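Asker: Following this line is data14.json, made up of JSON, C-alpha atoms:
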[["chain", "number", "residue", "atom", "x", "y", "z"],
["N", 1, "MET", "CA", 37.93, -8.16, -203.18],
["N", 2, "THR", "CA", 36.03, -6.82, -206.16],
["N", 3, "ASP", "CA", 37.45, -6.31, -209.63],
["N", 4, "THR", "CA", 36.93, -2.57, -209.15],
["N", 5, "VAL", "CA", 39.15, -2.54, -206.05],
["N", 6, "LYS", "CA", 41.81, -4.59, -207.85],
["N", 7, "ARG", "CA", 41.83, -2.15, -210.76],
["N", 8, "GLN", "CA", 42.08, 0.77, -208.36],
["N", 9, "ILE", "CA", 45.02, -0.81, -206.48],
["N", 10, "LEU", "CA", 46.83, -1.36, -209.76],
["N", 11, "ALA", "CA", 46.11, 2.20, -210.89],
["N", 12, "VAL", "CA", 47.59, 3.59, -207.66],
["N", 13, "ARG", "CA", 50.61, 1.29, -208.06],
["N", 14, "ASP", "CA", 51.10, 2.47, -211.64],
["N", 15, "THR", "CA", 51.44, 6.09, -210.48],
["N", 16, "GLY", "CA", 54.71, 5.16, -208.77],
["N", 17, "LEU", "CA", 54.03, 7.77, -206.09],
["N", 18, "THR", "CA", 54.40, 5.50, -203.06],
["N", 19, "ASN", "CA", 55.52, 2.20, -201.68],
["N", 20, "MET", "CA", 52.38, 0.05, -201.78],
["N", 21, "PHE", "CA", 53.00, -1.09, -198.19],
["N", 22, "ASP", "CA", 52.53, 2.51, -197.02],
["N", 23, "VAL", "CA", 48.81, 1.93, -196.66],
["N", 24, "ARG", "CA", 48.01, 5.42, -195.39],
["N", 25, "MET", "CA", 49.65, 7.00, -198.43],
["N", 26, "VAL", "CA", 47.93, 4.53, -200.75],
["N", 27, "GLN", "CA", 44.66, 5.54, -199.12],
["N", 28, "ARG", "CA", 45.43, 9.24, -199.59],
["N", 29, "ILE", "CA", 46.34, 8.77, -203.26],
["N", 30, "ALA", "CA", 43.22, 6.65, -203.79],
["N", 31, "ASN", "CA", 41.11, 9.39, -202.27],
["N", 32, "ASP", "CA", 42.76, 12.04, -204.46],
["N", 33, "MET", "CA", 42.05, 9.85, -207.51],
["N", 34, "GLY", "CA", 38.39, 9.39, -206.53],
["N", 35, "PHE", "CA", 38.84, 5.69, -205.73],
["N", 36, "TYR", "CA", 36.46, 5.68, -202.77],
["N", 37, "GLU", "CA", 35.85, 1.92, -202.96],
["N", 38, "LEU", "CA", 39.58, 1.39, -202.35],
["N", 39, "VAL", "CA", 39.63, 3.92, -199.50],
["N", 40, "VAL", "CA", 36.87, 2.00, -197.70],
["N", 41, "PHE", "CA", 38.41, -1.38, -198.57],
["N", 42, "LEU", "CA", 41.71, -0.35, -196.95],
["N", 43, "GLU", "CA", 39.86, 0.56, -193.76],
["N", 44, "GLU", "CA", 37.89, -2.68, -193.62],
["N", 45, "SER", "CA", 40.19, -5.30, -195.18],
["N", 46, "ARG", "CA", 43.80, -4.29, -194.69],
["N", 47, "SER", "CA", 45.06, -7.87, -194.35],
["N", 48, "GLU", "CA", 43.37, -8.87, -197.61],
["N", 49, "TYR", "CA", 45.03, -5.87, -199.28],
["N", 50, "VAL", "CA", 48.48, -6.86, -197.99],
["N", 51, "HIS", "CA", 47.92, -10.44, -199.16],
["N", 52, "PHE", "CA", 47.07, -9.12, -202.65],
["N", 53, "ILE", "CA", 50.19, -6.93, -202.73],
["N", 54, "LEU", "CA", 52.40, -9.84, -201.68],
["N", 55, "THR", "CA", 50.91, -12.57, -203.86],
["N", 56, "GLY", "CA", 48.78, -10.96, -206.58],
["N", 57, "GLU", "CA", 45.92, -13.17, -205.40],
["N", 58, "GLY", "CA", 42.72, -11.62, -204.26]]
Represent the structure of the file as structure tokens.
Answerer:
Amino acid sequence: MTDTVKRQILAVRDTGLTNMFDVRMVQRIANDMGFYELVVFLEESRSEYVHFILTGEG
């Protein structure tokens, strides 16, 4: 996981618009915010994303 993707995850989280385990909504918000790296990351590395949400490690 790149630093860019981490920053984008945290930016989506900070909006408070969705539960971060609702991956489809996170992906939609990321797309709306222009976070295309995160959109692709969620398609390719969903388990790594969930691990980061649960532990903060990535």
Asker: Considering only C-alpha atoms, can you say which of N:Thr18, N:His51, N:Ser45, N:Gln8 comes closest to Met33 of chain N?
Answerer: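 So, comparing all the options, the nearest one is N:Gln8.
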Asker: Would you list the contacts of Val40 of chain N as a PyMOL selection string, taking every protein, DNA or RNA residue within 10 Å and counting all atoms listed in the file, but skipping same-chain residues closer than 3 positions in sequence?
Answerer: chain N and resi 5+27+30-31+35-37+43-46
Asker: Using only C-alpha atoms, find all polymer residues with an atom at most 12 Å away from the point (46.5, 4.8, -203.5); report them as a VMD selection string.
Answerer: chain N and resid 5 to 42 49
